[in-house]
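So this one's input_29.cif, mmCIF, N, CA and C atoms:
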data_run
loop_
_atom_site.group_PDB
_atom_site.id
_atom_site.type_symbol
_atom_site.label_atom_id
_atom_site.label_comp_id
_atom_site.auth_asym_id
_atom_site.auth_seq_id
_atom_site.Cartn_x
_atom_site.Cartn_y
_atom_site.Cartn_z
ATOM 1 N N MET A 1 26.456 -43.366 -20.163
ATOM 2 C CA MET A 1 26.148 -43.743 -21.531
ATOM 3 C C MET A 1 27.028 -44.929 -21.912
ATOM 4 N N SER A 2 26.423 -45.995 -22.350
ATOM 5 C CA SER A 2 27.178 -47.197 -22.699
ATOM 6 C C SER A 2 27.895 -47.016 -24.033
ATOM 7 N N SER A 3 28.818 -47.940 -24.307
ATOM 8 C CA SER A 3 29.574 -47.850 -25.562
ATOM 9 C C SER A 3 28.660 -48.048 -26.769
ATOM 10 N N GLU A 4 27.606 -48.845 -26.606
ATOM 11 C CA GLU A 4 26.653 -49.023 -27.708
ATOM 12 C C GLU A 4 25.943 -47.712 -28.020
ATOM 13 N N ASP A 5 25.565 -46.967 -26.980
ATOM 14 C CA ASP A 5 24.902 -45.680 -27.186
ATOM 15 C C ASP A 5 25.830 -44.682 -27.860
ATOM 16 N N LYS A 6 27.105 -44.686 -27.432
ATOM 17 C CA LYS A 6 28.076 -43.773 -28.036
ATOM 18 C C LYS A 6 28.260 -44.088 -29.515
ATOM 19 N N GLU A 7 28.363 -45.380 -29.843
ATOM 20 C CA GLU A 7 28.539 -45.794 -31.245
ATOM 21 C C GLU A 7 27.312 -45.433 -32.067
ATOM 22 N N GLN A 8 26.140 -45.573 -31.469
ATOM 23 C CA GLN A 8 24.901 -45.291 -32.184
ATOM 24 C C GLN A 8 24.762 -43.798 -32.491
ATOM 25 N N HIS A 9 25.262 -42.950 -31.598
ATOM 26 C CA HIS A 9 25.113 -41.504 -31.769
ATOM 27 C C HIS A 9 26.344 -40.842 -32.391
ATOM 28 N N ARG A 10 27.325 -41.642 -32.764
ATOM 29 C CA ARG A 10 28.539 -41.107 -33.369
ATOM 30 C C ARG A 10 28.239 -40.626 -34.789
ATOM 31 N N MET A 11 28.716 -39.435 -35.107
ATOM 32 C CA MET A 11 28.504 -38.897 -36.449
ATOM 33 C C MET A 11 29.741 -39.147 -37.305
ATOM 34 N N GLU A 12 29.546 -39.778 -38.417
ATOM 35 C CA GLU A 12 30.633 -40.023 -39.360
ATOM 36 C C GLU A 12 30.897 -38.744 -40.151
ATOM 37 N N PRO A 13 32.134 -38.568 -40.671
ATOM 38 C CA PRO A 13 32.411 -37.392 -41.491
ATOM 39 C C PRO A 13 31.598 -37.439 -42.781
ATOM 40 N N ILE A 14 31.289 -36.268 -43.301
ATOM 41 C CA ILE A 14 30.529 -36.186 -44.550
ATOM 42 C C ILE A 14 31.363 -35.486 -45.614
ATOM 43 N N SER A 15 30.919 -35.557 -46.829
ATOM 44 C CA SER A 15 31.616 -34.936 -47.960
ATOM 45 C C SER A 15 31.875 -33.465 -47.661
ATOM 46 N N GLY A 16 33.089 -33.015 -47.989
ATOM 47 C CA GLY A 16 33.466 -31.621 -47.771
ATOM 48 C C GLY A 16 34.269 -31.407 -46.499
ATOM 49 N N GLU A 17 34.271 -32.368 -45.581
ATOM 50 C CA GLU A 17 35.043 -32.238 -44.350
ATOM 51 C C GLU A 17 36.467 -32.747 -44.577
ATOM 52 N N PRO A 18 37.444 -32.225 -43.816
ATOM 53 C CA PRO A 18 38.830 -32.685 -43.986
ATOM 54 C C PRO A 18 39.042 -34.086 -43.397
ATOM 55 N N VAL A 19 39.945 -34.834 -44.023
ATOM 56 C CA VAL A 19 40.312 -36.176 -43.559
ATOM 57 C C VAL A 19 41.314 -36.019 -42.423
ATOM 58 N N GLU A 20 41.106 -36.736 -41.310
ATOM 59 C CA GLU A 20 41.979 -36.615 -40.151
ATOM 60 C C GLU A 20 43.091 -37.650 -40.110
ATOM 61 N N ALA A 21 42.917 -38.802 -40.775
ATOM 62 C CA ALA A 21 43.937 -39.855 -40.732
ATOM 63 C C ALA A 21 44.000 -40.576 -42.082
ATOM 64 N N ASP A 22 45.225 -40.962 -42.482
ATOM 65 C CA ASP A 22 45.401 -41.716 -43.727
ATOM 66 C C ASP A 22 44.691 -43.058 -43.632
ATOM 67 N N GLY A 23 44.108 -43.490 -44.734
ATOM 68 C CA GLY A 23 43.476 -44.801 -44.745
ATOM 69 C C GLY A 23 42.495 -44.950 -45.877
ATOM 70 N N VAL A 24 41.771 -46.068 -45.847
ATOM 71 C CA VAL A 24 40.737 -46.348 -46.843
ATOM 72 C C VAL A 24 39.394 -46.056 -46.185
ATOM 73 N N TYR A 25 38.582 -45.298 -46.876
ATOM 74 C CA TYR A 25 37.270 -44.913 -46.380
ATOM 75 C C TYR A 25 36.196 -45.439 -47.319
ATOM 76 N N ARG A 26 35.029 -45.761 -46.753
ATOM 77 C CA ARG A 26 33.910 -46.269 -47.543
ATOM 78 C C ARG A 26 32.722 -45.350 -47.304
ATOM 79 N N ASN A 27 32.075 -44.939 -48.419
ATOM 80 C CA ASN A 27 30.894 -44.103 -48.244
ATOM 81 C C ASN A 27 29.672 -44.986 -48.017
ATOM 82 N N GLU A 28 28.552 -44.361 -47.720
ATOM 83 C CA GLU A 28 27.359 -45.138 -47.368
ATOM 84 C C GLU A 28 26.803 -45.945 -48.542
ATOM 85 N N TRP A 29 27.316 -45.741 -49.727
ATOM 86 C CA TRP A 29 26.869 -46.504 -50.900
ATOM 87 C C TRP A 29 27.848 -47.611 -51.251
ATOM 88 N N GLY A 30 28.908 -47.792 -50.435
ATOM 89 C CA GLY A 30 29.827 -48.909 -50.627
ATOM 90 C C GLY A 30 31.057 -48.602 -51.461
ATOM 91 N N ARG A 31 31.262 -47.361 -51.848
ATOM 92 C CA ARG A 31 32.424 -47.005 -52.661
ATOM 93 C C ARG A 31 33.628 -46.764 -51.746
ATOM 94 N N ASP A 32 34.740 -47.480 -51.979
ATOM 95 C CA ASP A 32 35.965 -47.320 -51.195
ATOM 96 C C ASP A 32 36.901 -46.356 -51.905
ATOM 97 N N GLU A 33 37.595 -45.562 -51.075
ATOM 98 C CA GLU A 33 38.567 -44.635 -51.637
ATOM 99 C C GLU A 33 39.693 -44.429 -50.634
ATOM 100 N N ARG A 34 40.932 -44.420 -51.138
ATOM 101 C CA ARG A 34 42.101 -44.170 -50.278
ATOM 102 C C ARG A 34 42.278 -42.663 -50.170
ATOM 103 N N LEU A 35 42.296 -42.171 -48.929
ATOM 104 C CA LEU A 35 42.430 -40.744 -48.686
ATOM 105 C C LEU A 35 43.561 -40.504 -47.698
ATOM 106 N N GLU A 36 44.214 -39.346 -47.823
ATOM 107 C CA GLU A 36 45.305 -38.982 -46.934
ATOM 108 C C GLU A 36 44.879 -37.824 -46.043
ATOM 109 N N ARG A 37 45.552 -37.702 -44.913
ATOM 110 C CA ARG A 37 45.258 -36.621 -43.983
ATOM 111 C C ARG A 37 45.368 -35.276 -44.702
ATOM 112 N N GLY A 38 44.389 -34.436 -44.507
ATOM 113 C CA GLY A 38 44.371 -33.126 -45.150
ATOM 114 C C GLY A 38 43.517 -33.097 -46.410
ATOM 115 N N ASP A 39 43.264 -34.268 -47.015
ATOM 116 C CA ASP A 39 42.344 -34.318 -48.155
ATOM 117 C C ASP A 39 40.942 -33.954 -47.677
ATOM 118 N N VAL A 40 40.066 -33.717 -48.621
ATOM 119 C CA VAL A 40 38.665 -33.433 -48.306
ATOM 120 C C VAL A 40 37.837 -34.618 -48.778
ATOM 121 N N PHE A 41 36.906 -35.075 -47.918
ATOM 122 C CA PHE A 41 36.045 -36.181 -48.323
ATOM 123 C C PHE A 41 35.256 -35.761 -49.564
ATOM 124 N N PRO A 42 35.349 -36.557 -50.645
ATOM 125 C CA PRO A 42 34.669 -36.181 -51.883
ATOM 126 C C PRO A 42 33.175 -36.489 -51.838
ATOM 127 N N ALA A 43 32.450 -35.793 -52.684
ATOM 128 C CA ALA A 43 31.023 -36.078 -52.848
ATOM 129 C C ALA A 43 30.875 -37.244 -53.826
ATOM 130 N N ASP A 44 29.802 -38.007 -53.693
ATOM 131 C CA ASP A 44 29.525 -39.104 -54.605
ATOM 132 C C ASP A 44 29.095 -38.514 -55.942
ATOM 133 N N PRO A 45 29.658 -39.000 -57.060
ATOM 134 C CA PRO A 45 29.332 -38.424 -58.373
ATOM 135 C C PRO A 45 27.840 -38.471 -58.715
ATOM 136 N N MET A 46 27.136 -39.492 -58.241
ATOM 137 C CA MET A 46 25.717 -39.633 -58.579
ATOM 138 C C MET A 46 24.793 -39.065 -57.503
ATOM 139 N N LEU A 47 25.202 -39.231 -56.231
ATOM 140 C CA LEU A 47 24.284 -38.911 -55.146
ATOM 141 C C LEU A 47 24.652 -37.656 -54.364
ATOM 142 N N GLY A 48 25.797 -37.058 -54.644
ATOM 143 C CA GLY A 48 26.193 -35.835 -53.952
ATOM 144 C C GLY A 48 26.818 -36.106 -52.601
ATOM 145 N N SER A 49 26.466 -35.301 -51.598
ATOM 146 C CA SER A 49 27.047 -35.393 -50.265
ATOM 147 C C SER A 49 26.706 -36.734 -49.620
ATOM 148 N N THR A 50 27.726 -37.348 -48.975
ATOM 149 C CA THR A 50 27.544 -38.669 -48.383
ATOM 150 C C THR A 50 28.396 -38.815 -47.133
ATOM 151 N N GLU A 51 28.057 -39.757 -46.261
ATOM 152 C CA GLU A 51 28.852 -40.051 -45.078
ATOM 153 C C GLU A 51 29.977 -41.013 -45.446
ATOM 154 N N TRP A 52 31.100 -40.902 -44.713
ATOM 155 C CA TRP A 52 32.254 -41.767 -44.926
ATOM 156 C C TRP A 52 32.637 -42.439 -43.629
ATOM 157 N N LYS A 53 33.089 -43.691 -43.723
ATOM 158 C CA LYS A 53 33.539 -44.440 -42.554
ATOM 159 C C LYS A 53 34.894 -45.057 -42.868
ATOM 160 N N GLN A 54 35.838 -44.935 -41.931
ATOM 161 C CA GLN A 54 37.165 -45.514 -42.143
ATOM 162 C C GLN A 54 37.086 -47.031 -41.993
ATOM 163 N N VAL A 55 37.568 -47.747 -43.021
ATOM 164 C CA VAL A 55 37.529 -49.210 -42.994
ATOM 165 C C VAL A 55 38.931 -49.821 -42.895
ATOM 166 N N GLU A 56 39.960 -49.015 -43.153
ATOM 167 C CA GLU A 56 41.332 -49.512 -43.073
ATOM 168 C C GLU A 56 42.247 -48.357 -42.704
ATOM 169 N N LEU A 57 43.004 -48.527 -41.621
ATOM 170 C CA LEU A 57 43.937 -47.511 -41.179
ATOM 171 C C LEU A 57 45.291 -47.762 -41.816
ATOM 172 N N GLU A 58 45.909 -46.724 -42.319
ATOM 173 C CA GLU A 58 47.221 -46.876 -42.936
ATOM 174 C C GLU A 58 48.263 -46.286 -42.007
ATOM 175 N N PHE A 59 49.307 -47.050 -41.737
ATOM 176 C CA PHE A 59 50.395 -46.553 -40.909
ATOM 177 C C PHE A 59 51.708 -47.076 -41.444
ATOM 178 N N ASP A 60 52.754 -46.326 -41.186
ATOM 179 C CA ASP A 60 54.083 -46.680 -41.679
ATOM 180 C C ASP A 60 54.952 -47.028 -40.487
ATOM 181 N N ASN A 61 55.244 -48.317 -40.321
ATOM 182 C CA ASN A 61 56.043 -48.715 -39.177
ATOM 183 C C ASN A 61 57.501 -48.988 -39.532
ATOM 184 N N HIS A 62 57.783 -49.423 -40.749
ATOM 185 C CA HIS A 62 59.154 -49.659 -41.210
ATOM 186 C C HIS A 62 59.217 -49.250 -42.676
ATOM 187 N N HIS A 63 60.236 -48.510 -43.017
ATOM 188 C CA HIS A 63 60.330 -47.999 -44.377
ATOM 189 C C HIS A 63 60.523 -49.092 -45.418
ATOM 190 N N GLN A 64 61.316 -50.098 -45.104
ATOM 191 C CA GLN A 64 61.593 -51.141 -46.086
ATOM 192 C C GLN A 64 61.003 -52.485 -45.678
ATOM 193 N N GLY A 65 60.135 -52.489 -44.692
ATOM 194 C CA GLY A 65 59.505 -53.728 -44.271
ATOM 195 C C GLY A 65 60.418 -54.640 -43.474
ATOM 196 N N LYS A 66 61.510 -54.101 -42.944
ATOM 197 C CA LYS A 66 62.453 -54.908 -42.174
ATOM 198 C C LYS A 66 62.498 -54.393 -40.743
ATOM 199 N N THR A 67 62.650 -55.318 -39.809
ATOM 200 C CA THR A 67 62.756 -54.950 -38.405
ATOM 201 C C THR A 67 64.137 -54.378 -38.120
ATOM 202 N N ASP A 68 64.175 -53.333 -37.317
ATOM 203 C CA ASP A 68 65.437 -52.733 -36.911
ATOM 204 C C ASP A 68 66.287 -53.804 -36.236
ATOM 205 N N PRO A 69 67.536 -54.015 -36.660
ATOM 206 C CA PRO A 69 68.366 -55.080 -36.092
ATOM 207 C C PRO A 69 68.568 -54.945 -34.581
ATOM 208 N N ARG A 70 68.468 -53.736 -34.045
ATOM 209 C CA ARG A 70 68.622 -53.553 -32.598
ATOM 210 C C ARG A 70 67.460 -54.163 -31.821
ATOM 211 N N LEU A 71 66.328 -54.421 -32.500
ATOM 212 C CA LEU A 71 65.159 -54.970 -31.833
ATOM 213 C C LEU A 71 65.059 -56.490 -31.934
ATOM 214 N N VAL A 72 65.957 -57.105 -32.698
ATOM 215 C CA VAL A 72 65.940 -58.552 -32.882
ATOM 216 C C VAL A 72 66.670 -59.202 -31.716
ATOM 217 N N PRO A 73 66.071 -60.205 -31.056
ATOM 218 C CA PRO A 73 66.753 -60.868 -29.941
ATOM 219 C C PRO A 73 68.015 -61.590 -30.411
ATOM 220 N N HIS A 74 69.028 -61.584 -29.557
ATOM 221 C CA HIS A 74 70.296 -62.228 -29.889
ATOM 222 C C HIS A 74 70.432 -63.538 -29.118
ATOM 223 N N ASP A 75 71.359 -64.379 -29.557
ATOM 224 C CA ASP A 75 71.571 -65.673 -28.914
ATOM 225 C C ASP A 75 72.047 -65.530 -27.471
ATOM 226 N N ASP A 76 72.744 -64.435 -27.149
ATOM 227 C CA ASP A 76 73.300 -64.288 -25.803
ATOM 228 C C ASP A 76 72.345 -63.560 -24.852
ATOM 229 N N ASP A 77 71.070 -63.477 -25.184
ATOM 230 C CA ASP A 77 70.127 -62.777 -24.327
ATOM 231 C C ASP A 77 69.932 -63.464 -22.984
ATOM 232 N N ASP A 78 70.236 -64.757 -22.884
ATOM 233 C CA ASP A 78 70.088 -65.453 -21.606
ATOM 234 C C ASP A 78 71.333 -65.284 -20.727
ATOM 235 N N ASN A 79 72.375 -64.661 -21.257
ATOM 236 C CA ASN A 79 73.596 -64.409 -20.514
ATOM 237 C C ASN A 79 73.441 -63.093 -19.746
ATOM 238 N N PRO A 80 73.506 -63.115 -18.405
ATOM 239 C CA PRO A 80 73.326 -61.876 -17.637
ATOM 240 C C PRO A 80 74.394 -60.835 -17.956
ATOM 241 N N GLU A 81 75.591 -61.265 -18.339
ATOM 242 C CA GLU A 81 76.652 -60.323 -18.692
ATOM 243 C C GLU A 81 76.278 -59.489 -19.915
ATOM 244 N N ALA A 82 75.497 -60.054 -20.818
ATOM 245 C CA ALA A 82 75.126 -59.338 -22.035
ATOM 246 C C ALA A 82 74.236 -58.140 -21.719
ATOM 247 N N HIS A 83 73.542 -58.192 -20.595
ATOM 248 C CA HIS A 83 72.641 -57.103 -20.229
ATOM 249 C C HIS A 83 73.330 -56.029 -19.401
ATOM 250 N N MET A 84 74.553 -56.290 -18.981
ATOM 251 C CA MET A 84 75.245 -55.349 -18.099
ATOM 252 C C MET A 84 76.334 -54.567 -18.810
ATOM 253 N N GLN A 85 76.379 -54.591 -20.105
ATOM 254 C CA GLN A 85 77.409 -53.860 -20.825
ATOM 255 C C GLN A 85 77.060 -52.377 -20.841
ATOM 256 N N HIS A 86 78.016 -51.571 -20.433
ATOM 257 C CA HIS A 86 77.808 -50.131 -20.381
ATOM 258 C C HIS A 86 79.158 -49.470 -20.605
ATOM 259 N N PRO A 87 79.202 -48.304 -21.238
ATOM 260 C CA PRO A 87 80.495 -47.662 -21.513
ATOM 261 C C PRO A 87 81.310 -47.376 -20.249
ATOM 262 N N ARG A 88 80.663 -47.156 -19.111
ATOM 263 C CA ARG A 88 81.394 -46.829 -17.893
ATOM 264 C C ARG A 88 81.787 -48.068 -17.090
ATOM 265 N N ARG A 89 81.376 -49.206 -17.536
ATOM 266 C CA ARG A 89 81.738 -50.441 -16.845
ATOM 267 C C ARG A 89 83.039 -50.967 -17.445
ATOM 268 N N HIS A 90 84.115 -50.823 -16.717
ATOM 269 C CA HIS A 90 85.427 -51.221 -17.228
ATOM 270 C C HIS A 90 85.881 -52.511 -16.552
ATOM 271 N N THR A 91 86.606 -53.292 -17.299
ATOM 272 C CA THR A 91 87.136 -54.528 -16.724
ATOM 273 C C THR A 91 88.480 -54.293 -16.042
ATOM 274 N N THR A 92 89.181 -53.248 -16.453
ATOM 275 C CA THR A 92 90.460 -52.929 -15.812
ATOM 276 C C THR A 92 90.425 -51.492 -15.370
ATOM 277 N N SER A 93 91.271 -51.159 -14.451
ATOM 278 C CA SER A 93 91.326 -49.805 -13.916
ATOM 279 C C SER A 93 92.551 -49.091 -14.475
ATOM 280 N N ASN A 94 92.400 -47.841 -14.790
ATOM 281 C CA ASN A 94 93.530 -47.040 -15.255
ATOM 282 C C ASN A 94 94.451 -46.654 -14.095
ATOM 283 N N LYS A 95 93.989 -46.788 -12.868
ATOM 284 C CA LYS A 95 94.777 -46.417 -11.705
ATOM 285 C C LYS A 95 95.982 -47.361 -11.502
ATOM 286 N N ASP A 96 95.830 -48.590 -11.975
ATOM 287 C CA ASP A 96 96.898 -49.569 -11.794
ATOM 288 C C ASP A 96 98.024 -49.413 -12.812
ATOM 289 N N LYS A 97 97.767 -48.678 -13.864
ATOM 290 C CA LYS A 97 98.775 -48.544 -14.920
ATOM 291 C C LYS A 97 99.785 -47.458 -14.556
ATOM 292 N N ASP A 98 101.028 -47.688 -14.976
ATOM 293 C CA ASP A 98 102.083 -46.681 -14.758
ATOM 294 C C ASP A 98 101.945 -45.601 -15.820
ATOM 295 N N HIS A 99 102.230 -44.380 -15.397
ATOM 296 C CA HIS A 99 102.117 -43.254 -16.332
ATOM 297 C C HIS A 99 103.432 -42.964 -16.960
#
Can you turn what I pasted into structure tokens?
Amino acid sequence: MSSEDKEQHRMEPISGEPVEADGVYRNEWGRDERLERGDVFPADPMLGSTEWKQVELEFDNHHQGKTDPRLVPHDDDDNPEAHMQHPRRHTTSNKDKDH
């Protein structure tokens, strides 16, 4: 079965079914509504039960809209030493020190 056939036979959720993912949904009459996971697809006030299609997926990737500083590239990224820093990599040995 081709992807076109799968898309053609796909059943959209209808009024009364639970919402599976947060986002904006549009009913077959063009009305958009923001729904959250666990909500129930509402019926159209004039036409009753209707099909809904997700038109916008909502996801939360950063709480304040800022990239985590650990993910920002640094100026010393081209330095091979910058990639080899590890807590167990010591520059001096404790064996050489007098106790």
Problem set entry | Separation of atom CA of Lys66 of chain A from atom CA of Asp32 of chain A in Å |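 Here the two named atoms are 29.0 Å from each other.
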For this session: Compare A:Met11, A:Val72, A:Leu47, A:Val19 by their minimum atom-to-atom distance to Leu35 of chain A, counting all atoms listed in the file, and give me the closest one.
Result: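 Of A:Met11, A:Val72, A:Leu47, A:Val19, the one nearest Leu35 of chain A, counting all atoms listed in the file, is A:Val19.
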Could you write out as a short mmCIF file (atom, residue, chain, number, x, y, z; two decimals) with N, CA and C atoms, in the coordinates of the input the residues that the PyMOL selection byres ((chain A and resi 53) around 6) matches in the shown file?
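Result file part.cif:
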data_model
loop_
_atom_site.label_atom_id
_atom_site.label_comp_id
_atom_site.auth_asym_id
_atom_site.auth_seq_id
_atom_site.Cartn_x
_atom_site.Cartn_y
_atom_site.Cartn_z
N VAL A 24 41.77 -46.07 -45.85
CA VAL A 24 40.74 -46.35 -46.84
C VAL A 24 39.39 -46.06 -46.18
N TYR A 25 38.58 -45.30 -46.88
CA TYR A 25 37.27 -44.91 -46.38
C TYR A 25 36.20 -45.44 -47.32
N ARG A 26 35.03 -45.76 -46.75
CA ARG A 26 33.91 -46.27 -47.54
C ARG A 26 32.72 -45.35 -47.30
N ASN A 27 32.08 -44.94 -48.42
CA ASN A 27 30.89 -44.10 -48.24
C ASN A 27 29.67 -44.99 -48.02
N GLU A 51 28.06 -39.76 -46.26
CA GLU A 51 28.85 -40.05 -45.08
C GLU A 51 29.98 -41.01 -45.45
N TRP A 52 31.10 -40.90 -44.71
CA TRP A 52 32.25 -41.77 -44.93
C TRP A 52 32.64 -42.44 -43.63
N GLN A 54 35.84 -44.94 -41.93
CA GLN A 54 37.16 -45.51 -42.14
C GLN A 54 37.09 -47.03 -41.99
N VAL A 55 37.57 -47.75 -43.02
CA VAL A 55 37.53 -49.21 -42.99
C VAL A 55 38.93 -49.82 -42.90
#
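In this model, the gap between atom N of Phe59 of chain A and atom CA of Glu33 of chain A comes to 14.8 Å.
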Exercise. Rounded to one decimal in Å, what is the spacing between atom CA of Ala21 of chain A and atom CA of Leu71 of chain A?
Worked result: 27.5 Å
